[in-house]
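Structure data follow from my_file26.pdb (PDB, C-alpha atoms):
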MODEL        1
ATOM      1  CA  MET A   1    -143.340 261.658  90.675
ATOM      2  CA  THR A   2    -141.180 263.347  93.256
ATOM      3  CA  LYS A   3    -143.566 265.872  94.787
ATOM      4  CA  SER A   4    -146.336 265.039  97.249
ATOM      5  CA  THR A   5    -148.954 267.076  95.345
ATOM      6  CA  SER A   6    -149.795 265.850  91.853
ATOM      7  CA  TRP A   7    -152.454 266.475  89.231
ATOM      8  CA  PHE A   8    -153.983 264.193  86.645
ATOM      9  CA  VAL A   9    -155.576 264.883  83.276
ATOM     10  CA  CYS A  10    -157.721 261.766  82.982
ATOM     11  CA  TRP A  11    -157.833 257.990  83.458
ATOM     12  CA  LYS A  12    -158.081 254.964  81.172
ATOM     13  CA  LEU A  13    -158.343 251.202  81.433
ATOM     14  CA  GLY A  14    -155.155 249.333  80.590
ATOM     15  CA  SER A  15    -153.211 246.298  81.689
ATOM     16  CA  PRO A  16    -153.835 244.978  85.206
ATOM     17  CA  HIS A  17    -151.275 246.197  87.764
ATOM     18  CA  ALA A  18    -150.341 245.470  91.385
ATOM     19  CA  GLY A  19    -153.428 247.346  92.600
ATOM     20  CA  LYS A  20    -155.565 244.470  91.301
ATOM     21  CA  ASN A  21    -157.409 246.645  88.798
ATOM     22  CA  SER A  22    -156.607 248.132  85.394
ATOM     23  CA  VAL A  23    -157.114 251.870  85.990
ATOM     24  CA  TRP A  24    -154.249 254.128  84.862
ATOM     25  CA  TYR A  25    -154.014 257.917  85.342
ATOM     26  CA  TYR A  26    -152.445 260.273  82.781
ATOM     27  CA  THR A  27    -150.190 263.010  84.131
ATOM     28  CA  LYS A  28    -146.978 264.918  83.579
ATOM     29  CA  GLY A  29    -144.162 263.696  85.773
ATOM     30  CA  ASP A  30    -141.976 265.977  87.851
ATOM     31  CA  GLU A  31    -138.841 265.104  85.886
ATOM     32  CA  VAL A  32    -137.834 263.460  82.612
ATOM     33  CA  VAL A  33    -136.166 260.107  83.263
ATOM     34  CA  ASN A  34    -136.436 258.389  79.875
ATOM     35  CA  ASN A  35    -137.533 259.485  76.413
ATOM     36  CA  PRO A  36    -137.149 263.293  76.507
ATOM     37  CA  GLY A  37    -139.552 263.597  73.557
ATOM     38  CA  GLN A  38    -142.468 262.731  75.845
ATOM     39  CA  GLN A  39    -141.543 265.565  78.236
ATOM     40  CA  ALA A  40    -142.432 263.395  81.270
ATOM     41  CA  TRP A  41    -146.038 262.745  80.136
ATOM     42  CA  GLY A  42    -147.293 259.252  80.917
ATOM     43  CA  TYR A  43    -149.530 256.948  82.923
ATOM     44  CA  MET A  44    -149.418 255.920  86.581
ATOM     45  CA  PRO A  45    -151.198 252.858  87.982
ATOM     46  CA  ALA A  46    -154.111 253.626  90.300
ATOM     47  CA  ASN A  47    -152.434 251.895  93.234
ATOM     48  CA  ALA A  48    -149.621 254.490  93.156
ATOM     49  CA  LEU A  49    -152.047 257.301  94.039
ATOM     50  CA  GLY A  50    -153.376 256.201  97.406
ATOM     51  CA  THR A  51    -157.008 256.904  96.552
ATOM     52  CA  THR A  52    -159.884 254.867  97.960
ATOM     53  CA  LYS A  53    -161.733 254.539  94.626
ATOM     54  CA  ALA A  54    -160.491 253.885  91.112
ATOM     55  CA  PRO A  55    -161.257 255.627  88.938
ATOM     56  CA  PHE A  56    -161.215 258.694  91.149
ATOM     57  CA  PRO A  57    -164.726 260.233  91.283
ATOM     58  CA  GLY A  58    -165.087 263.328  89.114
ATOM     59  CA  LEU A  59    -161.968 262.759  87.005
ATOM     60  CA  ARG A  60    -162.902 262.262  83.372
ATOM     61  CA  LYS A  61    -162.034 259.222  81.295
ATOM     62  CA  CYS A  62    -159.350 259.895  78.655
ATOM     63  CA  SER A  63    -160.834 260.445  75.228
ATOM     64  CA  TRP A  64    -158.016 258.432  73.615
ATOM     65  CA  GLY A  65    -156.800 254.884  74.089
TER
ENDMDL
END

Show me this structure written as structure tokens.
Amino acid sequence: MTKSTSWFVCWKLGSPHAGKNSVWYYTKGDEVVNNPGQQAWGYMPANALGTTKAPFPGLRKCSWG
């Protein structure tokens, strides 16, 4: 993510990360770095968002995974 404003589709539980939880947020990145077929879609660890609660209140859980 390169922009300061971002949006997220949903969250899911995954592998633990540096934020000491296992919440991951699904979003579309600002640019394609690897794997052009994914068109920059992917997951970010909760600790990369700077929120006070994970999962973020009101954001739905992903229906997949």

Counting all atoms listed in the file, the option among A:Thr52, A:Thr27, A:Asn47, A:Gln38 closest to Thr5 (chain A):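 With all atoms listed in the file as the atom set, the closest residue is A:Thr27.
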
Return the single residue from A:Ser4, A:Gly37, A:Ser15, A:Ser63 that is closest to Leu49 (chain A), with distances computed using only C-alpha atoms.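 Residue with the minimum atom-to-atom distance to Leu49 (chain A): A:Ser4.
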
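Of note, CA of Tyr43 (chain A) and CA of Trp7 (chain A) are spaced 11.8 Å apart.
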
For the atom pair CA of Gly29 (chain A) and CA of Val9 (chain A), what is the interatomic distance in Å to one decimal place? 11.7 Å

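Remark: for Ala18 (chain A), the closest of the candidate residues A:Ala48, A:Leu59, A:Ala54, A:Val33 is A:Ala48 (distances computed over all atoms listed in the file).
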
Residue by residue, what does the PyMOL selection byres ((chain A and resi 44) around 6) grab here? Present the result as a ChimeraX atom specification. /A:24-25,43,45

Considering all atoms listed in the file, can you say which of A:Asn35, A:Asn21, A:Lys12, A:Lys3 comes closest to Trp64 (chain A)? A:Lys12

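Picture a line from CA of Lys20 (chain A) to CA of Thr51 (chain A); it runs 13.6 Å.
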
What would region 25-52 of chain A look like with N, CA and C atoms in place, written as a PDB file, keeping the file's coordinate frame?
ATOM      1  N   TYR A  25    -153.792 256.479  85.369  1.00  0.00           N
ATOM      2  CA  TYR A  25    -154.014 257.917  85.342  1.00  0.00           C
ATOM      3  C   TYR A  25    -152.934 258.604  84.513  1.00  0.00           C
ATOM      4  N   TYR A  26    -153.360 259.542  83.653  1.00  0.00           N
ATOM      5  CA  TYR A  26    -152.445 260.273  82.781  1.00  0.00           C
ATOM      6  C   TYR A  26    -152.026 261.575  83.445  1.00  0.00           C
ATOM      7  N   THR A  27    -150.726 261.826  83.470  1.00  0.00           N
ATOM      8  CA  THR A  27    -150.190 263.010  84.131  1.00  0.00           C
ATOM      9  C   THR A  27    -148.851 263.398  83.530  1.00  0.00           C
ATOM     10  N   LYS A  28    -148.335 264.509  83.951  1.00  0.00           N
ATOM     11  CA  LYS A  28    -146.978 264.918  83.579  1.00  0.00           C
ATOM     12  C   LYS A  28    -146.113 264.747  84.808  1.00  0.00           C
ATOM     13  N   GLY A  29    -145.057 263.957  84.663  1.00  0.00           N
ATOM     14  CA  GLY A  29    -144.162 263.696  85.773  1.00  0.00           C
ATOM     15  C   GLY A  29    -143.367 264.928  86.182  1.00  0.00           C
ATOM     16  N   ASP A  30    -142.750 264.858  87.327  1.00  0.00           N
ATOM     17  CA  ASP A  30    -141.976 265.977  87.851  1.00  0.00           C
ATOM     18  C   ASP A  30    -140.605 266.108  87.195  1.00  0.00           C
ATOM     19  N   GLU A  31    -140.129 265.050  86.569  1.00  0.00           N
ATOM     20  CA  GLU A  31    -138.841 265.104  85.886  1.00  0.00           C
ATOM     21  C   GLU A  31    -138.806 264.091  84.750  1.00  0.00           C
ATOM     22  N   VAL A  32    -137.999 264.376  83.739  1.00  0.00           N
ATOM     23  CA  VAL A  32    -137.834 263.460  82.612  1.00  0.00           C
ATOM     24  C   VAL A  32    -136.762 262.447  82.985  1.00  0.00           C
ATOM     25  N   VAL A  33    -137.125 261.167  82.939  1.00  0.00           N
ATOM     26  CA  VAL A  33    -136.166 260.107  83.263  1.00  0.00           C
ATOM     27  C   VAL A  33    -135.738 259.400  81.985  1.00  0.00           C
ATOM     28  N   ASN A  34    -136.691 259.046  81.155  1.00  0.00           N
ATOM     29  CA  ASN A  34    -136.436 258.389  79.875  1.00  0.00           C
ATOM     30  C   ASN A  34    -137.224 259.116  78.796  1.00  0.00           C
ATOM     31  N   ASN A  35    -136.811 258.979  77.574  1.00  0.00           N
ATOM     32  CA  ASN A  35    -137.533 259.485  76.413  1.00  0.00           C
ATOM     33  C   ASN A  35    -137.887 260.975  76.536  1.00  0.00           C
ATOM     34  N   PRO A  36    -136.906 261.855  76.387  1.00  0.00           N
ATOM     35  CA  PRO A  36    -137.149 263.293  76.507  1.00  0.00           C
ATOM     36  C   PRO A  36    -138.246 263.826  75.584  1.00  0.00           C
ATOM     37  N   GLY A  37    -138.513 263.159  74.475  1.00  0.00           N
ATOM     38  CA  GLY A  37    -139.552 263.597  73.557  1.00  0.00           C
ATOM     39  C   GLY A  37    -140.939 263.588  74.171  1.00  0.00           C
ATOM     40  N   GLN A  38    -141.155 262.777  75.185  1.00  0.00           N
ATOM     41  CA  GLN A  38    -142.468 262.731  75.845  1.00  0.00           C
ATOM     42  C   GLN A  38    -142.612 263.793  76.922  1.00  0.00           C
ATOM     43  N   GLN A  39    -141.528 264.477  77.252  1.00  0.00           N
ATOM     44  CA  GLN A  39    -141.543 265.565  78.236  1.00  0.00           C
ATOM     45  C   GLN A  39    -142.186 265.165  79.560  1.00  0.00           C
ATOM     46  N   ALA A  40    -141.958 263.951  79.984  1.00  0.00           N
ATOM     47  CA  ALA A  40    -142.432 263.395  81.270  1.00  0.00           C
ATOM     48  C   ALA A  40    -143.928 263.078  81.305  1.00  0.00           C
ATOM     49  N   TRP A  41    -144.627 263.132  80.170  1.00  0.00           N
ATOM     50  CA  TRP A  41    -146.038 262.745  80.136  1.00  0.00           C
ATOM     51  C   TRP A  41    -146.150 261.219  80.142  1.00  0.00           C
ATOM     52  N   GLY A  42    -147.096 260.692  80.904  1.00  0.00           N
ATOM     53  CA  GLY A  42    -147.293 259.252  80.917  1.00  0.00           C
ATOM     54  C   GLY A  42    -148.382 258.833  81.886  1.00  0.00           C
ATOM     55  N   TYR A  43    -148.478 257.532  82.090  1.00  0.00           N
ATOM     56  CA  TYR A  43    -149.530 256.948  82.923  1.00  0.00           C
ATOM     57  C   TYR A  43    -148.963 256.398  84.219  1.00  0.00           C
ATOM     58  N   MET A  44    -149.745 256.513  85.280  1.00  0.00           N
ATOM     59  CA  MET A  44    -149.418 255.920  86.581  1.00  0.00           C
ATOM     60  C   MET A  44    -150.519 254.949  86.953  1.00  0.00           C
ATOM     61  N   PRO A  45    -150.161 253.793  87.548  1.00  0.00           N
ATOM     62  CA  PRO A  45    -151.198 252.858  87.982  1.00  0.00           C
ATOM     63  C   PRO A  45    -151.975 253.433  89.167  1.00  0.00           C
ATOM     64  N   ALA A  46    -153.241 253.099  89.248  1.00  0.00           N
ATOM     65  CA  ALA A  46    -154.111 253.626  90.300  1.00  0.00           C
ATOM     66  C   ALA A  46    -153.568 253.344  91.698  1.00  0.00           C
ATOM     67  N   ASN A  47    -152.922 252.226  91.894  1.00  0.00           N
ATOM     68  CA  ASN A  47    -152.434 251.895  93.234  1.00  0.00           C
ATOM     69  C   ASN A  47    -151.295 252.811  93.688  1.00  0.00           C
ATOM     70  N   ALA A  48    -150.695 253.567  92.790  1.00  0.00           N
ATOM     71  CA  ALA A  48    -149.621 254.490  93.156  1.00  0.00           C
ATOM     72  C   ALA A  48    -150.158 255.807  93.709  1.00  0.00           C
ATOM     73  N   LEU A  49    -151.471 256.028  93.625  1.00  0.00           N
ATOM     74  CA  LEU A  49    -152.047 257.301  94.039  1.00  0.00           C
ATOM     75  C   LEU A  49    -152.549 257.336  95.470  1.00  0.00           C
ATOM     76  N   GLY A  50    -152.875 256.222  96.035  1.00  0.00           N
ATOM     77  CA  GLY A  50    -153.376 256.201  97.406  1.00  0.00           C
ATOM     78  C   GLY A  50    -154.811 256.678  97.535  1.00  0.00           C
ATOM     79  N   THR A  51    -155.597 256.532  96.482  1.00  0.00           N
ATOM     80  CA  THR A  51    -157.008 256.904  96.552  1.00  0.00           C
ATOM     81  C   THR A  51    -157.829 255.709  97.027  1.00  0.00           C
ATOM     82  N   THR A  52    -159.034 255.959  97.483  1.00  0.00           N
ATOM     83  CA  THR A  52    -159.884 254.867  97.960  1.00  0.00           C
ATOM     84  C   THR A  52    -160.746 254.283  96.858  1.00  0.00           C
TER      85      THR A  52
END
